[in-house]
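Enquirer: File name entry-v4.csv; file contents CSV, C-alpha atoms; full text below.
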```
chain,number,residue,atom,x,y,z
A,377,MET,CA,0.7,-12.8,-36.1
A,378,ASP,CA,-0.8,-14.6,-33.1
A,379,GLY,CA,-4.5,-15.2,-33.6
A,380,THR,CA,-4.2,-14.3,-37.2
A,381,ALA,CA,-6.1,-15.9,-40.1
A,382,VAL,CA,-4.8,-16.0,-43.6
A,383,LEU,CA,-6.7,-16.8,-46.8
A,384,GLU,CA,-3.7,-18.3,-48.7
A,385,PRO,CA,-1.9,-21.4,-47.5
A,386,ASP,CA,1.7,-20.0,-47.8
A,387,VAL,CA,2.9,-17.6,-45.1
A,388,THR,CA,6.3,-16.0,-44.8
A,389,VAL,CA,8.1,-16.3,-41.5
A,390,ARG,CA,10.9,-13.8,-41.0
A,391,GLY,CA,13.0,-12.5,-38.2
A,392,SER,CA,16.5,-11.9,-37.0
A,393,VAL,CA,18.7,-13.4,-34.3
A,394,SER,CA,22.0,-12.5,-32.7
A,395,ASP,CA,24.2,-13.6,-29.8
A,396,GLU,CA,27.5,-11.7,-29.4
A,397,HIS,CA,28.9,-14.2,-27.0
A,398,ALA,CA,28.0,-17.6,-28.6
A,399,ALA,CA,27.7,-17.1,-32.4
A,400,PRO,CA,26.7,-18.6,-34.7
A,401,VAL,CA,23.0,-18.9,-34.0
A,402,THR,CA,20.9,-21.6,-35.9
A,403,VAL,CA,17.2,-21.3,-36.5
A,404,THR,CA,14.5,-23.8,-37.1
A,405,VAL,CA,11.0,-23.1,-38.2
A,406,GLN,CA,8.5,-26.0,-37.7
A,407,GLY,CA,11.5,-28.2,-37.0
A,408,GLU,CA,13.3,-27.5,-40.2
A,409,GLU,CA,16.6,-25.6,-40.2
A,410,VAL,CA,16.6,-22.3,-42.2
A,411,GLU,CA,19.5,-20.3,-43.5
A,412,VAL,CA,20.5,-17.4,-41.4
A,413,ALA,CA,22.2,-14.5,-43.2
A,414,ALA,CA,25.4,-12.8,-42.0
A,415,ASP,CA,23.3,-10.0,-40.4
A,416,GLY,CA,21.3,-12.6,-38.5
A,417,SER,CA,18.1,-12.3,-40.6
A,418,PHE,CA,16.1,-15.2,-41.8
A,419,GLU,CA,13.1,-15.8,-44.0
A,420,VAL,CA,11.2,-18.9,-45.0
A,421,VAL,CA,7.8,-19.7,-46.6
A,422,VAL,CA,5.7,-22.2,-44.7
A,423,THR,CA,2.7,-24.0,-46.2
A,424,LEU,CA,-0.1,-24.3,-43.7
A,425,GLU,CA,-2.6,-27.0,-43.3
A,426,ALA,CA,-6.3,-26.0,-43.3
A,427,GLY,CA,-7.5,-24.7,-39.9
A,428,ALA,CA,-5.7,-23.5,-36.8
A,429,GLN,CA,-2.1,-24.4,-36.0
A,430,ASP,CA,1.0,-23.3,-34.2
A,431,LEU,CA,4.0,-21.9,-36.0
A,432,THR,CA,7.2,-22.4,-33.9
A,433,VAL,CA,10.6,-20.8,-34.4
A,434,VAL,CA,13.6,-22.0,-32.3
A,435,ALA,CA,17.0,-20.2,-32.2
A,436,THR,CA,20.0,-22.0,-30.7
A,437,ASP,CA,23.4,-20.5,-30.0
A,438,ALA,CA,26.8,-22.2,-30.4
A,439,VAL,CA,26.8,-23.5,-26.7
A,440,GLY,CA,23.3,-24.9,-26.8
A,441,ASN,CA,21.2,-22.1,-25.2
A,442,TRP,CA,17.9,-21.8,-27.0
A,443,VAL,CA,14.8,-19.6,-27.1
A,444,SER,CA,11.5,-20.3,-29.0
A,445,ALA,CA,8.5,-18.3,-30.1
A,446,THR,CA,5.2,-19.9,-31.0
A,447,ARG,CA,2.3,-18.1,-32.8
A,448,GLU,CA,-1.2,-19.5,-33.5
A,449,VAL,CA,-2.3,-18.9,-37.1
A,450,ALA,CA,-5.2,-20.3,-39.2
A,451,TRP,CA,-5.6,-20.9,-42.9
A,452,PHE,CA,-9.1,-20.7,-44.3
A,453,ASP,CA,-9.7,-21.5,-48.0
A,454,VAL,CA,-12.0,-18.6,-48.7
A,455,GLY,CA,-12.1,-16.7,-52.0
A,456,THR,CA,-13.0,-13.0,-52.1
A,457,ALA,CA,-14.6,-10.7,-54.7
A,458,TRP,CA,-15.3,-7.0,-54.3
A,459,ASP,CA,-18.1,-5.0,-55.9
A,460,VAL,CA,-17.9,-1.2,-55.5
A,461,ALA,CA,-19.9,-0.3,-58.6
A,462,GLY,CA,-23.2,1.6,-58.3
A,463,GLY,CA,-22.9,4.5,-56.0
A,464,ARG,CA,-22.1,8.2,-56.7
A,465,GLY,CA,-24.5,9.8,-54.3
A,466,LYS,CA,-24.5,10.2,-50.5
A,467,VAL,CA,-24.7,6.5,-50.0
A,468,GLN,CA,-22.3,4.1,-51.7
A,469,PRO,CA,-22.8,0.3,-51.5
A,470,VAL,CA,-19.8,-1.9,-51.1
A,471,LYS,CA,-20.2,-5.6,-51.5
A,472,LEU,CA,-17.8,-8.4,-50.6
A,473,ALA,CA,-18.5,-12.0,-51.7
A,474,LEU,CA,-16.8,-14.8,-49.8
A,475,THR,CA,-16.7,-18.3,-51.4
A,476,ASP,CA,-15.4,-21.8,-50.7
A,477,PRO,CA,-13.3,-23.7,-53.3
A,478,ALA,CA,-16.5,-24.9,-55.0
A,479,GLY,CA,-17.7,-21.3,-55.5
A,480,ASP,CA,-20.5,-21.5,-52.9
A,481,PRO,CA,-21.1,-18.6,-50.5
A,482,VAL,CA,-19.3,-18.6,-47.2
A,483,GLN,CA,-20.8,-16.9,-44.1
A,484,VAL,CA,-18.2,-15.9,-41.4
A,485,ASP,CA,-18.6,-14.7,-37.8
A,486,GLY,CA,-18.3,-11.0,-38.8
A,487,VAL,CA,-17.0,-8.5,-41.4
A,488,GLU,CA,-15.9,-5.0,-40.7
A,489,LEU,CA,-15.2,-2.7,-43.7
A,490,GLU,CA,-12.5,-0.1,-43.1
A,491,LEU,CA,-11.9,3.0,-45.3
A,492,VAL,CA,-8.1,3.8,-45.2
A,493,ARG,CA,-6.4,7.0,-46.3
A,494,ASP,CA,-2.7,7.7,-46.0
A,495,GLY,CA,-2.3,4.5,-43.9
A,496,GLU,CA,-4.9,5.5,-41.3
A,497,VAL,CA,-8.4,4.0,-40.9
A,498,GLU,CA,-10.8,7.0,-41.5
A,499,ALA,CA,-14.1,5.1,-41.0
A,500,SER,CA,-15.4,1.7,-40.5
A,501,PHE,CA,-18.7,0.0,-41.2
A,502,GLU,CA,-20.2,-3.3,-40.2
A,503,MET,CA,-20.9,-5.5,-43.3
A,504,ARG,CA,-24.1,-7.5,-43.2
A,505,PHE,CA,-24.7,-10.9,-44.9
A,506,VAL,CA,-27.5,-10.3,-47.4
A,507,ASP,CA,-29.4,-12.5,-49.7
A,508,GLY,CA,-27.4,-15.5,-48.6
A,509,THR,CA,-24.6,-14.5,-51.0
A,510,ASP,CA,-22.7,-11.3,-50.2
A,511,TYR,CA,-21.7,-9.0,-47.4
A,512,LEU,CA,-22.9,-5.4,-47.8
A,513,ALA,CA,-22.0,-2.1,-46.3
A,514,LEU,CA,-23.6,1.3,-47.1
A,515,VAL,CA,-20.8,3.9,-47.0
A,516,GLN,CA,-22.1,7.3,-45.9
A,517,GLY,CA,-21.1,10.3,-43.9
A,518,VAL,CA,-17.4,10.3,-44.9
A,519,PRO,CA,-15.6,13.2,-46.5
A,520,ARG,CA,-15.1,13.4,-50.2
A,521,GLY,CA,-12.0,11.6,-51.5
A,522,THR,CA,-10.4,8.3,-52.5
A,523,TYR,CA,-10.1,5.5,-49.9
A,524,ASP,CA,-8.4,2.1,-49.9
A,525,LEU,CA,-10.9,-0.5,-48.8
A,526,ARG,CA,-10.0,-3.2,-46.3
A,527,ALA,CA,-12.2,-5.9,-44.7
A,528,VAL,CA,-11.4,-7.5,-41.4
A,529,LEU,CA,-13.0,-11.0,-41.3
A,530,THR,CA,-13.6,-12.8,-38.1
A,531,ILE,CA,-13.5,-16.5,-38.7
A,532,GLU,CA,-13.7,-19.0,-35.7
A,533,GLY,CA,-12.2,-16.4,-33.4
A,534,PHE,CA,-9.3,-15.4,-35.8
A,535,ALA,CA,-9.0,-12.2,-37.7
A,536,ALA,CA,-8.1,-12.1,-41.4
A,537,VAL,CA,-7.4,-8.8,-43.3
A,538,VAL,CA,-8.5,-8.6,-46.9
A,539,ASP,CA,-7.2,-5.7,-49.0
A,540,GLY,CA,-9.7,-4.3,-51.5
A,541,PRO,CA,-10.0,-1.8,-54.3
A,542,GLU,CA,-10.2,2.0,-54.1
A,543,LEU,CA,-13.5,3.7,-53.4
A,544,ARG,CA,-14.1,7.2,-54.6
A,545,VAL,CA,-16.5,9.2,-52.5
A,546,TRP,CA,-18.0,12.0,-54.6
A,547,ARG,CA,-20.4,13.9,-52.3
```
Would you kindly transcribe this structure into structure tokens?
Expert:
Amino acid sequence: MDGTAVLEPDVTVRGSVSDEHAAPVTVTVQGEEVEVAADGSFEVVVTLEAGAQDLTVVATDAVGNWVSATREVAWFDVGTAWDVAGGRGKVQPVKLALTDPAGDPVQVDGVELELVRDGEVEASFEMRFVDGTDYLALVQGVPRGTYDLRAVLTIEGFAAVVDGPELRVWR
């Protein structure tokens, strides 16, 4: 998750711990102790502040040995709206609107549109900011079929993945 951006403030932190010589192991996330299941797994929802921050997990065994892991993550309060209507020919327009909490357009550092089928990225297209409101990609040159859309936003050096609707390519 290091260097990852999210568009919702709540993130789930999960993992597992074990120490066969000094059980039990306790875990803290952001300084707060979390429950560890009998199998060593843990999971907690953390609410982020706006912008970049570190998430730290510390595991401590029964004799005081500890290990920690820190990941940088950023929350950006950006809304998304997809528009895939309009194309049935060789070129299909795909639009993505990004907005701030007031509904005003947001421009980010970059947007890459990915066409995904069976879990694999089949094609990608750069989306361009047009008319001061939307990002647009013209999908062309891909085989006929149904694709899941995904956008990778670059915001202040962080990458955020936005899942989108299906796109049916007819040609």
Enquirer: When you count only C-alpha atoms, which of these residues is closest to A:Val538: A:Ala457, A:Val515, A:Ala445, A:Val420?
Expert: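 The shortest atom-to-atom distance to A:Val538 comes from A:Ala457.
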Enquirer: For A:Ala399, which of A:Gly427, A:Gly517, A:Pro385, A:Gly440 is the closest residue, counting only C-alpha atoms?
Expert: A:Gly440
Enquirer: Tell me which of A:Pro469, A:Gly533, A:Gly521, A:Pro481 sits closest to A:Gly508, counting all atoms listed in the file.
Expert: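 The shortest atom-to-atom distance to A:Gly508 comes from A:Pro481.
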Enquirer: Taking only C-alpha atoms into account, name the residue in A:Leu472, A:His397, A:Arg526, A:Ala478 that is nearest to A:Val497.
Expert: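 So, comparing all the options, the nearest one is A:Arg526.
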Enquirer: As an NGL selection string, please: the residues near A:Trp451 (cut-off 12 Å, all atoms listed in the file, same-chain neighbours under 5 positions excluded).
Expert: :A and (379-387 or 422-431 or 531-532 or 534-536)
Enquirer: Find, counting all atoms listed in the file, the residue in A:Val443, A:Val421, A:Val545, A:Val528 that gets nearest to A:Gln468.
Expert: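 Ranked by minimum distance to A:Gln468, first place goes to A:Val545.
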Enquirer: Between atom CA of A:Ser500 and atom CA of A:Ala450, what is the spacing in Å?
Expert: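 Separation of atom CA of A:Ala450 and atom CA of A:Ser500: 24.3 Å.
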Enquirer: Point out the residue among A:Gly540, A:Ser392, A:Asp524, A:Thr432 with the least atom-to-atom distance to A:Val449, counting only C-alpha atoms.
Expert: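 The shortest atom-to-atom distance to A:Val449 comes from A:Thr432.
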Enquirer: Figure out the distance between atom CA of A:Glu396 and atom CA of A:Ala414, please, to one decimal in Å.
Expert: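 It comes out at 12.8 Å.
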Enquirer: Using atom CA of A:Gly479 and atom CA of A:Phe505 as the two end points, give the distance in Å to one decimal.
Expert: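 Value for the atom CA of A:Gly479-atom CA of A:Phe505 distance: 16.4 Å.
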Enquirer: For A:Val470, work out the shell of residues within 10 Å, counting all atoms listed in the file and skipping chain neighbours fewer than 2 positions away, then give it as a ChimeraX atom specification.
Expert: /A:458-463,467-468,472,489,503,510-515,525,543
Enquirer: The residues within 9 Å of (-16.2, -19.8, -52.9), using only C-alpha atoms and the coordinates of the file, should be reported as a CSV table (one decimal) with C-alpha atoms, in the coordinates of the input; which are they?
Expert:
```
chain,number,residue,atom,x,y,z
A,453,ASP,CA,-9.7,-21.5,-48.0
A,454,VAL,CA,-12.0,-18.6,-48.7
A,455,GLY,CA,-12.1,-16.7,-52.0
A,456,THR,CA,-13.0,-13.0,-52.1
A,473,ALA,CA,-18.5,-12.0,-51.7
A,474,LEU,CA,-16.8,-14.8,-49.8
A,475,THR,CA,-16.7,-18.3,-51.4
A,476,ASP,CA,-15.4,-21.8,-50.7
A,477,PRO,CA,-13.3,-23.7,-53.3
A,478,ALA,CA,-16.5,-24.9,-55.0
A,479,GLY,CA,-17.7,-21.3,-55.5
A,480,ASP,CA,-20.5,-21.5,-52.9
A,481,PRO,CA,-21.1,-18.6,-50.5
A,482,VAL,CA,-19.3,-18.6,-47.2
```
Enquirer: Could you give me, as a CSV table (one decimal) with C-alpha atoms, in the frame of the given file, the residues that have an atom at most 8 Å away from the point (-12.4, 8.1, -48.3) in the coordinates of the file, using only C-alpha atoms?
Expert:
```
chain,number,residue,atom,x,y,z
A,491,LEU,CA,-11.9,3.0,-45.3
A,492,VAL,CA,-8.1,3.8,-45.2
A,493,ARG,CA,-6.4,7.0,-46.3
A,498,GLU,CA,-10.8,7.0,-41.5
A,518,VAL,CA,-17.4,10.3,-44.9
A,519,PRO,CA,-15.6,13.2,-46.5
A,520,ARG,CA,-15.1,13.4,-50.2
A,521,GLY,CA,-12.0,11.6,-51.5
A,522,THR,CA,-10.4,8.3,-52.5
A,523,TYR,CA,-10.1,5.5,-49.9
A,524,ASP,CA,-8.4,2.1,-49.9
A,543,LEU,CA,-13.5,3.7,-53.4
A,544,ARG,CA,-14.1,7.2,-54.6
A,545,VAL,CA,-16.5,9.2,-52.5
```
